[in-house]
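Here is the file my_file-v1.cif (mmCIF, C-alpha atoms).
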```
data_entry
loop_
_atom_site.label_atom_id
_atom_site.label_comp_id
_atom_site.auth_asym_id
_atom_site.auth_seq_id
_atom_site.Cartn_x
_atom_site.Cartn_y
_atom_site.Cartn_z
CA MET A 1 17.45 -2.36 13.71
CA THR A 2 19.47 0.65 14.81
CA THR A 3 21.74 2.78 12.67
CA LEU A 4 24.27 5.23 14.09
CA LEU A 5 25.93 8.12 12.27
CA ILE A 6 28.99 10.13 13.34
CA SER A 7 31.37 12.62 11.72
CA ASP A 8 33.99 15.27 12.48
CA LEU A 9 35.88 13.50 15.25
CA HIS A 10 39.10 15.06 13.90
CA LEU A 11 41.12 12.33 15.63
CA SER A 12 44.72 13.36 16.11
CA PRO A 13 47.60 12.41 18.44
CA GLU A 14 47.23 15.80 20.15
CA ARG A 15 43.73 14.98 21.47
CA PRO A 16 43.89 11.57 23.17
CA ALA A 17 40.68 12.12 25.16
CA VAL A 18 38.64 12.19 21.95
CA THR A 19 40.32 9.03 20.69
CA ARG A 20 39.52 7.29 23.98
CA ALA A 21 35.92 8.51 23.77
CA PHE A 22 35.69 7.11 20.23
CA PHE A 23 36.94 3.67 21.29
CA ALA A 24 34.50 3.70 24.23
CA PHE A 25 31.69 4.66 21.83
CA LEU A 26 32.51 1.72 19.55
CA GLU A 27 32.61 -0.63 22.54
CA ASN A 28 29.53 0.55 24.41
CA GLN A 29 27.06 2.16 22.02
CA THR A 30 27.02 -0.42 19.27
CA ASP A 31 25.28 -3.34 20.93
CA ASP A 32 22.21 -3.77 18.72
CA VAL A 33 23.49 -1.61 15.93
CA GLU A 34 23.32 -2.94 12.39
CA ALA A 35 25.19 -0.10 10.68
CA LEU A 36 27.57 2.73 11.50
CA TYR A 37 28.06 5.58 9.02
CA ILE A 38 31.12 7.83 9.40
CA LEU A 39 30.39 10.98 7.41
CA GLY A 40 33.91 12.34 7.08
CA ASP A 41 36.68 14.07 9.03
CA LEU A 42 37.15 11.03 11.22
CA PHE A 43 40.80 12.08 11.23
CA GLU A 44 42.21 15.59 11.53
CA ALA A 45 44.61 14.64 8.76
CA TRP A 46 45.23 11.50 6.69
CA ILE A 47 48.51 11.20 4.91
CA GLY A 48 47.80 7.94 3.13
CA ASP A 49 46.64 4.41 3.80
CA ASP A 50 50.24 3.36 4.35
CA ASP A 51 50.50 5.50 7.50
CA PRO A 52 52.21 3.37 10.15
CA ALA A 53 51.37 5.84 12.97
CA PRO A 54 49.82 4.21 16.06
CA LEU A 55 46.64 6.29 15.86
CA ALA A 56 45.86 5.16 12.31
CA ARG A 57 46.61 1.52 13.13
CA GLN A 58 44.56 1.51 16.34
CA VAL A 59 41.54 3.12 14.70
CA ILE A 60 41.65 0.68 11.79
CA ALA A 61 41.88 -2.22 14.24
CA ALA A 62 38.93 -0.95 16.30
CA LEU A 63 36.82 -0.47 13.17
CA LYS A 64 37.77 -3.93 11.92
CA LYS A 65 36.68 -5.44 15.24
CA LEU A 66 33.32 -3.67 14.81
CA SER A 67 32.79 -4.75 11.21
CA ASP A 68 33.87 -8.31 12.05
CA SER A 69 31.17 -8.41 14.72
CA GLY A 70 28.56 -7.94 12.00
CA VAL A 71 28.04 -4.17 11.98
CA SER A 72 28.04 -2.72 8.45
CA LEU A 73 30.53 0.11 8.31
CA PHE A 74 30.32 2.98 5.81
CA PHE A 75 32.72 5.86 5.26
CA THR A 76 32.31 9.17 3.42
CA HIS A 77 35.39 11.34 2.89
CA GLY A 78 35.65 14.64 4.70
CA ASN A 79 37.70 17.63 3.67
CA ARG A 80 40.47 16.56 6.11
CA ASP A 81 40.66 12.84 5.43
CA PHE A 82 39.95 12.88 1.71
CA MET A 83 43.07 10.76 1.15
CA ILE A 84 41.49 7.69 2.78
CA GLY A 85 41.47 4.95 0.15
CA LYS A 86 40.76 1.35 -0.73
CA GLN A 87 43.44 -0.08 1.54
CA PHE A 88 41.88 1.60 4.58
CA ALA A 89 38.50 0.28 3.49
CA ARG A 90 39.80 -3.27 3.19
CA GLU A 91 41.68 -3.18 6.48
CA SER A 92 38.80 -1.70 8.45
CA GLY A 93 35.99 -3.57 6.71
CA ALA A 94 34.36 -0.31 5.66
CA THR A 95 32.56 0.47 2.41
CA LEU A 96 33.61 3.80 0.91
CA LEU A 97 30.63 5.95 -0.07
CA PRO A 98 30.48 8.66 -2.75
CA ASP A 99 30.23 12.34 -1.80
CA HIS A 100 26.43 12.18 -1.95
CA HIS A 101 24.86 8.89 -0.94
CA LEU A 102 21.19 7.97 -0.98
CA ALA A 103 20.27 5.50 1.76
CA GLU A 104 17.08 4.11 3.24
CA LEU A 105 17.18 4.40 7.02
CA GLY A 106 14.30 3.96 9.41
CA GLY A 107 12.00 3.40 6.44
CA GLN A 108 12.87 6.79 4.92
CA ARG A 109 15.01 7.88 2.02
CA VAL A 110 17.87 10.00 3.33
CA LEU A 111 20.77 11.80 1.66
CA LEU A 112 24.09 11.31 3.48
CA LEU A 113 27.08 13.56 2.86
CA HIS A 114 30.01 15.18 4.67
CA GLY A 115 28.56 18.64 4.05
CA ASP A 116 31.45 20.60 2.55
CA THR A 117 29.79 20.49 -0.88
CA LEU A 118 26.92 22.56 0.58
CA CYS A 119 29.18 25.49 1.44
CA THR A 120 28.88 26.96 -2.04
CA GLY A 121 29.49 30.43 -0.62
CA ASP A 122 33.08 29.50 0.06
CA ALA A 123 34.41 29.88 -3.48
CA ASP A 124 38.06 29.46 -2.46
CA TYR A 125 37.34 26.19 -0.71
CA GLN A 126 35.29 24.83 -3.61
CA LYS A 127 38.17 25.66 -5.96
CA PHE A 128 40.65 23.96 -3.62
CA ARG A 129 38.34 20.97 -3.37
CA ARG A 130 38.10 20.52 -7.13
CA ARG A 131 41.88 20.61 -7.34
CA TYR A 132 42.75 18.32 -4.42
CA ARG A 133 40.04 15.75 -5.06
CA HIS A 134 41.23 15.27 -8.64
CA PRO A 135 42.35 11.63 -9.05
CA LEU A 136 45.68 12.72 -10.54
CA VAL A 137 46.47 15.04 -7.65
CA LYS A 138 45.54 12.36 -5.14
CA PHE A 139 47.77 9.88 -6.98
CA LEU A 140 50.70 12.28 -6.76
CA LEU A 141 50.05 13.03 -3.09
CA ARG A 142 49.85 9.33 -2.31
CA HIS A 143 53.19 8.74 -3.97
CA LEU A 144 55.15 11.40 -2.15
CA PRO A 145 57.64 9.78 0.25
CA LEU A 146 56.00 8.81 3.55
CA LYS A 147 58.43 10.96 5.57
CA LYS A 148 57.48 14.00 3.50
CA ARG A 149 53.78 13.37 4.01
CA GLN A 150 54.25 12.84 7.76
CA LYS A 151 56.05 16.17 7.99
CA MET A 152 53.30 17.89 5.98
CA ALA A 153 50.66 16.48 8.33
CA VAL A 154 52.44 17.65 11.50
CA GLU A 155 52.82 21.15 10.06
CA TRP A 156 49.23 21.15 8.85
CA ARG A 157 47.85 20.12 12.24
CA GLN A 158 49.95 22.72 14.07
CA LYS A 159 48.86 25.47 11.73
CA SER A 160 45.26 24.35 11.92
CA MET A 161 45.24 24.39 15.72
CA ARG A 162 46.88 27.81 15.90
CA ALA A 163 44.29 29.20 13.51
CA ASN A 164 41.42 27.58 15.43
CA ALA A 165 40.47 26.13 12.10
CA ASN A 166 37.99 23.75 13.70
CA LYS A 167 35.94 26.41 15.47
CA SER A 168 32.56 26.72 13.80
CA ASP A 169 33.06 30.48 13.27
CA ASN A 170 35.89 29.66 10.92
CA ILE A 171 33.94 27.13 8.93
CA MET A 172 31.40 28.62 6.57
CA ASP A 173 27.84 27.41 7.08
CA VAL A 174 25.86 25.72 4.33
CA SER A 175 23.98 27.61 1.67
CA GLU A 176 20.22 27.11 2.11
CA GLU A 177 19.87 27.18 -1.66
CA ALA A 178 22.43 24.41 -2.09
CA VAL A 179 20.58 22.33 0.52
CA ALA A 180 17.19 22.82 -1.15
CA GLN A 181 18.60 22.15 -4.61
CA LEU A 182 20.34 18.95 -3.56
CA MET A 183 17.32 17.61 -1.68
CA ALA A 184 15.13 18.30 -4.70
CA GLN A 185 17.66 16.68 -7.02
CA TYR A 186 17.75 13.48 -4.95
CA GLN A 187 14.05 13.70 -4.06
CA VAL A 188 14.62 13.33 -0.34
CA LYS A 189 12.93 14.94 2.61
CA LEU A 190 15.74 14.07 5.01
CA MET A 191 19.41 15.01 4.83
CA ILE A 192 22.17 14.19 7.31
CA HIS A 193 25.62 15.80 7.23
CA GLY A 194 28.46 17.20 9.34
CA HIS A 195 31.36 19.47 8.47
CA THR A 196 29.97 22.79 9.72
CA HIS A 197 30.37 21.89 13.43
CA ARG A 198 26.91 23.36 14.04
CA PRO A 199 24.91 20.43 15.38
CA TYR A 200 21.18 20.97 15.01
CA HIS A 201 17.95 19.36 13.82
CA HIS A 202 16.52 21.74 11.22
CA TYR A 203 12.88 21.60 10.13
CA MET A 204 12.31 23.45 6.85
CA ALA A 205 9.33 23.67 4.53
CA TYR A 206 10.90 21.18 2.18
CA GLY A 207 12.27 18.70 4.71
CA GLU A 208 14.49 17.91 7.65
CA ARG A 209 18.22 18.40 7.93
CA LEU A 210 20.20 16.90 10.80
CA VAL A 211 23.71 18.21 11.34
CA LEU A 212 26.26 16.26 13.39
CA GLY A 213 28.57 18.05 15.81
CA ASP A 214 32.34 17.78 16.02
CA TRP A 215 33.88 15.83 18.90
CA HIS A 216 35.66 18.12 21.32
CA GLN A 217 34.27 18.55 24.81
CA GLN A 218 31.24 16.56 23.69
CA GLY A 219 30.76 13.63 21.38
CA TRP A 220 27.84 13.61 18.93
CA TYR A 221 25.94 10.94 17.04
CA ILE A 222 22.65 10.38 15.31
CA ARG A 223 20.61 7.34 16.18
CA ILE A 224 17.89 5.92 13.94
CA GLU A 225 16.02 3.18 15.74
CA GLY A 226 13.43 1.12 13.86
CA ASN A 227 10.92 3.48 12.25
CA TYR A 228 11.29 6.19 14.89
CA PRO A 229 12.36 9.66 13.81
CA PRO A 230 16.16 10.14 13.81
CA GLU A 231 17.61 11.69 16.95
CA LEU A 232 20.69 13.83 17.47
CA ILE A 233 22.47 12.90 20.71
CA SER A 234 25.46 14.34 22.55
CA PHE A 235 27.48 13.13 25.51
CA PRO A 236 30.35 14.66 27.52
CA ILE A 237 33.96 13.71 26.81
CA GLU A 238 36.10 13.50 29.94
CA GLU A 239 39.34 15.43 29.62
CA ASN A 240 41.30 12.66 31.27
CA MET B 1 -16.85 22.19 15.45
CA ILE B 2 -14.81 20.21 17.98
CA THR B 3 -13.04 21.77 20.95
CA LEU B 4 -10.04 20.18 22.62
CA HIS B 5 -9.83 21.43 26.22
CA THR B 6 -6.18 21.19 27.26
CA ASN B 7 -4.30 22.25 30.37
CA TYR B 8 -2.94 25.13 28.26
CA GLY B 9 -6.35 26.27 27.02
CA ASP B 10 -8.92 25.42 24.36
CA VAL B 11 -8.30 24.64 20.71
CA SER B 12 -11.31 24.60 18.38
CA LEU B 13 -11.27 22.99 14.99
CA GLU B 14 -13.47 22.31 11.96
CA LEU B 15 -13.34 18.97 10.19
CA ASP B 16 -13.33 18.85 6.39
CA PHE B 17 -15.92 16.17 5.67
CA GLU B 18 -15.89 17.04 1.98
CA LYS B 19 -12.18 16.67 1.24
CA ALA B 20 -11.28 14.19 4.02
CA PRO B 21 -14.43 12.16 4.73
CA VAL B 22 -12.72 9.04 6.08
CA SER B 23 -10.25 10.89 8.34
CA SER B 24 -12.95 13.28 9.59
CA ALA B 25 -15.39 10.47 10.41
CA ASN B 26 -12.58 8.52 12.09
CA PHE B 27 -11.54 11.52 14.22
CA LEU B 28 -15.16 12.33 15.11
CA GLN B 29 -15.72 8.75 16.27
CA TYR B 30 -12.65 8.87 18.55
CA CYS B 31 -14.05 12.13 19.97
CA ARG B 32 -17.50 10.60 20.53
CA ASP B 33 -15.87 7.59 22.24
CA GLY B 34 -14.08 9.93 24.68
CA PHE B 35 -10.83 8.40 23.39
CA TYR B 36 -8.80 11.62 23.28
CA GLU B 37 -9.62 12.54 26.88
CA GLY B 38 -6.55 11.69 28.93
CA THR B 39 -4.21 11.61 25.95
CA VAL B 40 -1.30 14.02 25.64
CA PHE B 41 0.62 15.92 22.99
CA HIS B 42 3.65 13.64 23.31
CA ARG B 43 5.79 14.98 20.47
CA VAL B 44 6.20 18.74 20.34
CA ILE B 45 8.67 20.39 17.98
CA ASP B 46 8.64 24.18 17.68
CA GLY B 47 8.82 25.33 14.07
CA PHE B 48 7.38 22.02 12.88
CA MET B 49 4.30 20.50 14.55
CA ILE B 50 2.69 19.27 17.79
CA GLN B 51 1.53 15.66 17.79
CA GLY B 52 -0.80 13.80 20.10
CA GLY B 53 -3.97 11.77 20.47
CA GLY B 54 -2.42 8.39 21.10
CA MET B 55 -0.59 8.23 24.42
CA THR B 56 -1.46 8.82 28.04
CA ALA B 57 0.55 11.09 30.34
CA ASP B 58 2.78 8.16 31.34
CA MET B 59 3.55 7.53 27.66
CA GLN B 60 1.48 4.37 27.27
CA ASN B 61 -0.20 3.78 23.90
CA LYS B 62 -3.99 3.62 24.04
CA PRO B 63 -5.41 0.74 21.98
CA THR B 64 -6.97 2.12 18.81
CA ARG B 65 -9.43 0.98 16.15
CA ASP B 66 -8.21 -0.26 12.78
CA PRO B 67 -6.02 2.03 10.64
CA ILE B 68 -7.64 4.12 7.93
CA GLN B 69 -7.00 4.90 4.29
CA ASN B 70 -4.57 7.77 3.66
CA GLU B 71 -6.42 10.78 2.19
CA ALA B 72 -3.34 12.97 1.64
CA ASP B 73 -4.14 13.13 -2.10
CA ASN B 74 -7.13 15.37 -1.34
CA GLY B 75 -5.31 18.54 -2.36
CA LEU B 76 -5.16 20.00 1.17
CA ALA B 77 -1.71 21.27 2.16
CA ASN B 78 0.09 20.90 5.50
CA GLU B 79 -0.05 24.61 6.28
CA THR B 80 0.19 26.34 9.62
CA GLY B 81 -2.97 25.67 11.61
CA THR B 82 -4.07 22.54 9.78
CA LEU B 83 -4.50 19.13 11.41
CA ALA B 84 -3.22 15.99 9.72
CA MET B 85 -3.24 12.30 10.58
CA ALA B 86 0.01 10.96 12.02
CA ARG B 87 1.21 7.53 10.90
CA THR B 88 4.20 5.23 10.64
CA ASN B 89 6.14 4.82 7.38
CA ASP B 90 3.28 2.63 6.12
CA PRO B 91 1.14 5.12 4.16
CA HIS B 92 -2.16 3.62 5.39
CA SER B 93 -1.33 3.17 9.07
CA ALA B 94 -3.04 6.22 10.60
CA SER B 95 -5.40 5.46 13.48
CA SER B 96 -5.94 7.97 16.30
CA GLN B 97 -2.81 10.14 16.41
CA PHE B 98 -2.88 13.51 14.68
CA PHE B 99 -0.69 16.59 14.57
CA ILE B 100 -1.21 20.33 14.26
CA ASN B 101 1.18 22.03 11.80
CA VAL B 102 2.87 25.12 13.26
CA ALA B 103 4.68 25.88 9.98
CA ASP B 104 4.03 25.37 6.27
CA ASN B 105 5.40 21.84 6.08
CA THR B 106 5.39 21.40 2.32
CA PHE B 107 7.46 18.22 2.50
CA LEU B 108 4.58 16.45 4.28
CA ASN B 109 2.25 16.96 1.32
CA HIS B 110 1.24 14.21 -1.07
CA SER B 111 3.47 13.99 -4.15
CA GLY B 112 2.72 10.50 -5.41
CA LYS B 113 1.19 7.16 -4.53
CA ASN B 114 4.46 5.58 -3.41
CA PRO B 115 5.87 5.08 0.10
CA GLN B 116 8.10 8.17 -0.11
CA GLY B 117 5.54 10.49 -1.65
CA TRP B 118 2.23 9.55 0.00
CA GLY B 119 2.40 12.33 2.55
CA TYR B 120 0.18 13.09 5.54
CA ALA B 121 -3.58 13.61 5.24
CA VAL B 122 -4.86 17.04 6.23
CA PHE B 123 -8.44 16.73 7.50
CA ALA B 124 -9.17 19.74 9.72
CA ARG B 125 -8.19 23.30 10.55
CA VAL B 126 -7.82 25.22 13.82
CA THR B 127 -10.53 27.90 13.90
CA ASP B 128 -9.86 29.24 17.39
CA GLY B 129 -7.08 28.82 19.92
CA MET B 130 -4.00 29.07 17.68
CA ASP B 131 -2.52 31.08 20.56
CA VAL B 132 -2.91 27.97 22.73
CA VAL B 133 -1.20 25.87 20.04
CA ASN B 134 1.63 28.42 20.01
CA LYS B 135 1.95 28.17 23.78
CA ILE B 136 2.14 24.38 23.52
CA LYS B 137 4.75 24.42 20.75
CA GLY B 138 7.16 26.35 23.00
CA VAL B 139 7.09 24.10 26.09
CA PRO B 140 10.38 22.56 27.28
CA THR B 141 10.86 19.04 25.95
CA GLY B 142 13.30 16.17 26.42
CA ARG B 143 13.83 12.46 25.98
CA HIS B 144 11.48 9.94 27.56
CA GLY B 145 12.73 6.40 26.97
CA MET B 146 12.46 5.72 23.24
CA HIS B 147 10.83 9.06 22.50
CA GLN B 148 12.33 12.48 21.88
CA ASP B 149 10.71 15.93 22.01
CA VAL B 150 8.42 14.89 24.84
CA PRO B 151 7.09 17.83 26.91
CA LYS B 152 8.68 17.79 30.36
CA ASP B 153 5.26 18.55 31.88
CA PRO B 154 2.44 16.66 30.13
CA VAL B 155 0.24 18.67 27.76
CA GLU B 156 -3.04 16.91 28.26
CA ILE B 157 -6.36 16.85 26.39
CA GLN B 158 -8.65 16.90 29.41
CA LYS B 159 -12.02 17.11 27.70
CA VAL B 160 -13.40 17.14 24.17
CA THR B 161 -16.67 18.85 23.24
CA ILE B 162 -18.52 18.33 19.98
CA SER B 163 -20.91 20.98 18.72
CA ASP B 164 -24.49 20.11 17.70
CA ALA B 165 -23.59 20.97 14.10
CA TYR B 166 -21.93 17.57 13.88
CA ALA B 167 -24.94 15.70 15.29
CA ASP B 168 -25.88 14.28 11.90
CA LYS B 169 -22.32 13.44 10.77
#
```
Take the structure in the file and write it out as C-alpha cells.
Amino acid sequence: MTTLLISDLHLSPERPAVTRAFFAFLENQTDDVEALYILGDLFEAWIGDDDPAPLARQVIAALKKLSDSGVSLFFTHGNRDFMIGKQFARESGATLLPDHHLAELGGQRVLLLHGDTLCTGDADYQKFRRRYRHPLVKFLLRHLPLKKRQKMAVEWRQKSMRANANKSDNIMDVSEEAVAQLMAQYQVKLMIHGHTHRPYHHYMAYGERLVLGDWHQQGWYIRIEGNYPPELISFPIEEN
Amino acid sequence: MITLHTNYGDVSLELDFEKAPVSSANFLQYCRDGFYEGTVFHRVIDGFMIQGGGMTADMQNKPTRDPIQNEADNGLANETGTLAMARTNDPHSASSQFFINVADNTFLNHSGKNPQGWGYAVFARVTDGMDVVNKIKGVPTGRHGMHQDVPKDPVEIQKVTISDAYADK
C-alpha cells in the first residue's frame, strides 16, 4: 500500500552516477510499492520517442521491468522532457498524466503536477511553454530528422550546464497565489510537485505542499505509506 | 480547567462543553483515567501543530476506548492555541490523540460532511502555557520507524491535573 513519487532526475549521459542511483532506486526501494509517479524532468532532454541513445533505451527497459512486476507507473511531463509521447508510454508501461492530475493517495485527495505552471511570475517561460507545448509545434519537432534533434540536444545540454540552469537560484520559485488558486480550484488540501529544485514540506493555512528535490548529490522521493502522512526523503548519491 | 504537566512545563486548557460536548467529555474521561500520563507528543511540526496523547515514550500505542463522533461541524476553527481531536482518514475515528494548533490551520476546518471535508474537531483552547507549546514546537525531530517528525528527546505528559470546576462534568 505504498506509493512513491520522484521528479527532476535530469538524467543525461554526462551524469552517470545519477543514472546508476536511479536504477538502484528502482531495484531496491520498490519492494512493496504499488505505484510510482514520475512528476517530470526525468530526463535532462528528450528529443523524441525514437531516440536510439543507450540512456533512453536503458531507462525505458528499467521502467518496463518495474511496470511488468505489477507496479503502476505514471508520468507527468516536465519542462525538459515535454516531448515524451505515447511510444515511450507503451514501451515503458507508463500512463501519461495531464499537467494537473487529481489522485487519491493515502486516503487523501492530492494534486500532482510538475510545478512549472505555478511559476506564473516567469512571464517569458510561460510564453515559451504555451508555444512549445502546442500540439502543432510538438508535431514539427518530432518530425525533424533524428540527427538534427540529437545535435540540438547536445548543444542544449552543454549550454544548460554552462549556465548552471539547474541550480535552484536560476529557476524561479512558485507563486503563492498560483498555488492557493490551484488548490482551491481542485479542492485539495495537499499538493505535490517538483521543478523548483527546492525540496521542502510546506504547511500553509490552506493546506500542505510537498516539493521534490532534484537528483544531484542527493536523490529525493516522497513516500506515502498506508494512511500515514506523506514523507519527503533524501539519500546520498555516490559520485562513483 | 485541565493542566498538562510536561517535561517542558505546564499547559493549561479549557474544554468547550457547549460546542464540543462529546469530545470534551471523552477527553475529560481520559484525563480522569490517568490515560495521558506517560504519553508523549510524538508528532511535532513547527508552523503546523504538535500532536500527542496516544503513544508512550517508546512509541507504543496505548489501547484506547471506542472512537467518538466527529464534532468538527461545531463552528470552531483550528486557530493557533486551539486543541482538536486527531484521527485517521475515517472522519469518526478519533479516540485519545489530540493536537494543539500552532498556526491558523484553515484547511483542517470542517467544510462538508464528506471524507475530504469533514475536518478536525476543535474542543478546547490553551489558556496558559502557550510559551511551553512554543518551546515544544521547536524541538529537534526525526524519523522513528514508520513515523516522521518525532522529537529526538521525548516530550512527555508526566501528570494531568483537573480543576474542581469540572467536578460535575
B:Val44 environment, 6 Å, all atoms listed in the file, sequence neighbours closer than 4 positions dropped, as a PyMOL selection string
chain B and resi 50+137+149
Residues of chain B within 12 Å of chain A, counting all atoms listed in the file - could you list those as an NGL selection string?
:B and (43 or 45-49 or 77-80 or 87-91 or 101-109 or 111-112 or 114-117 or 119 or 142-143 or 146-149)
In Å, how far is it from atom CA of A:Val211 to atom CA of A:Arg198?
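Those two atoms sit 6.6 Å apart.
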How would you write, as JSON, numbers by chain, the residues chosen by the PyMOL selection byres ((chain B and resi 10-13) around 10) on this structure?
{"B": [1, 2, 3, 4, 5, 6, 7, 8, 9, 14, 15, 16, 81, 82, 83, 124, 125, 126, 127, 128, 129, 130, 131, 132, 133, 157, 158, 159, 160, 161, 162]}
Computed interatomic separation between atom CA of A:Ala56 and atom CA of A:Arg90 (Å):
13.8 Å
Return as a ChimeraX atom specification the set of residues that the PyMOL selection byres ((chain A and resi 88) around 10) yields on the displayed structure.
/A:48-51,56-57,60,83-87,89-96
Suppose you want the space between atom CA of B:Ala20 and atom CA of B:Phe123; what is it in Å?
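Interatomic distance here is 5.2 Å.
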Using all atoms listed in the file, which residues sit within 8 Å of stretch 65-77 of chain A once same-chain residues fewer than 2 positions away are excluded, as a ChimeraX atom specification?
/A:26,33-41,61-63,79-84,92-99,113-114
Hits of the PyMOL selection byres ((chain B and resi 68) around 10) in this structure, as a PyMOL selection string:
chain B and resi 22-23+26+65-67+69-71+85+87+91-96
Applying 10 Å and all atoms listed in the file, which residues near A:Gln218 remain after dropping the ones on its own chain fewer than 2 positions away? List them as a ChimeraX atom specification.
/A:18,21,213-216,220,233-238
Taking (50.7, 13.9, 20.3) in the file's coordinates as the center, which residues reach within 12 Å of it, counting all atoms listed in the file, put as an mmCIF file with C-alpha atoms, keeping the file's coordinate frame?
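Below is the file result.cif, written as the result:
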```cif
data_model
loop_
_atom_site.group_PDB
_atom_site.id
_atom_site.type_symbol
_atom_site.label_atom_id
_atom_site.label_comp_id
_atom_site.auth_asym_id
_atom_site.auth_seq_id
_atom_site.Cartn_x
_atom_site.Cartn_y
_atom_site.Cartn_z
ATOM 1 C CA LEU A 11 41.120 12.330 15.630
ATOM 2 C CA SER A 12 44.720 13.360 16.110
ATOM 3 C CA PRO A 13 47.600 12.410 18.440
ATOM 4 C CA GLU A 14 47.230 15.800 20.150
ATOM 5 C CA ARG A 15 43.730 14.980 21.470
ATOM 6 C CA PRO A 16 43.890 11.570 23.170
ATOM 7 C CA ALA A 17 40.680 12.120 25.160
ATOM 8 C CA THR A 19 40.320 9.030 20.690
ATOM 9 C CA ALA A 53 51.370 5.840 12.970
ATOM 10 C CA PRO A 54 49.820 4.210 16.060
ATOM 11 C CA LEU A 55 46.640 6.290 15.860
ATOM 12 C CA VAL A 154 52.440 17.650 11.500
ATOM 13 C CA ARG A 157 47.850 20.120 12.240
ATOM 14 C CA GLN A 158 49.950 22.720 14.070
#
```
Counting only C-alpha atoms, which of B:Thr39, B:Ser24, B:Gln29, B:Thr64 gets nearest to B:Gly52?
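Counting only C-alpha atoms, the residue closest to B:Gly52 is B:Thr39.
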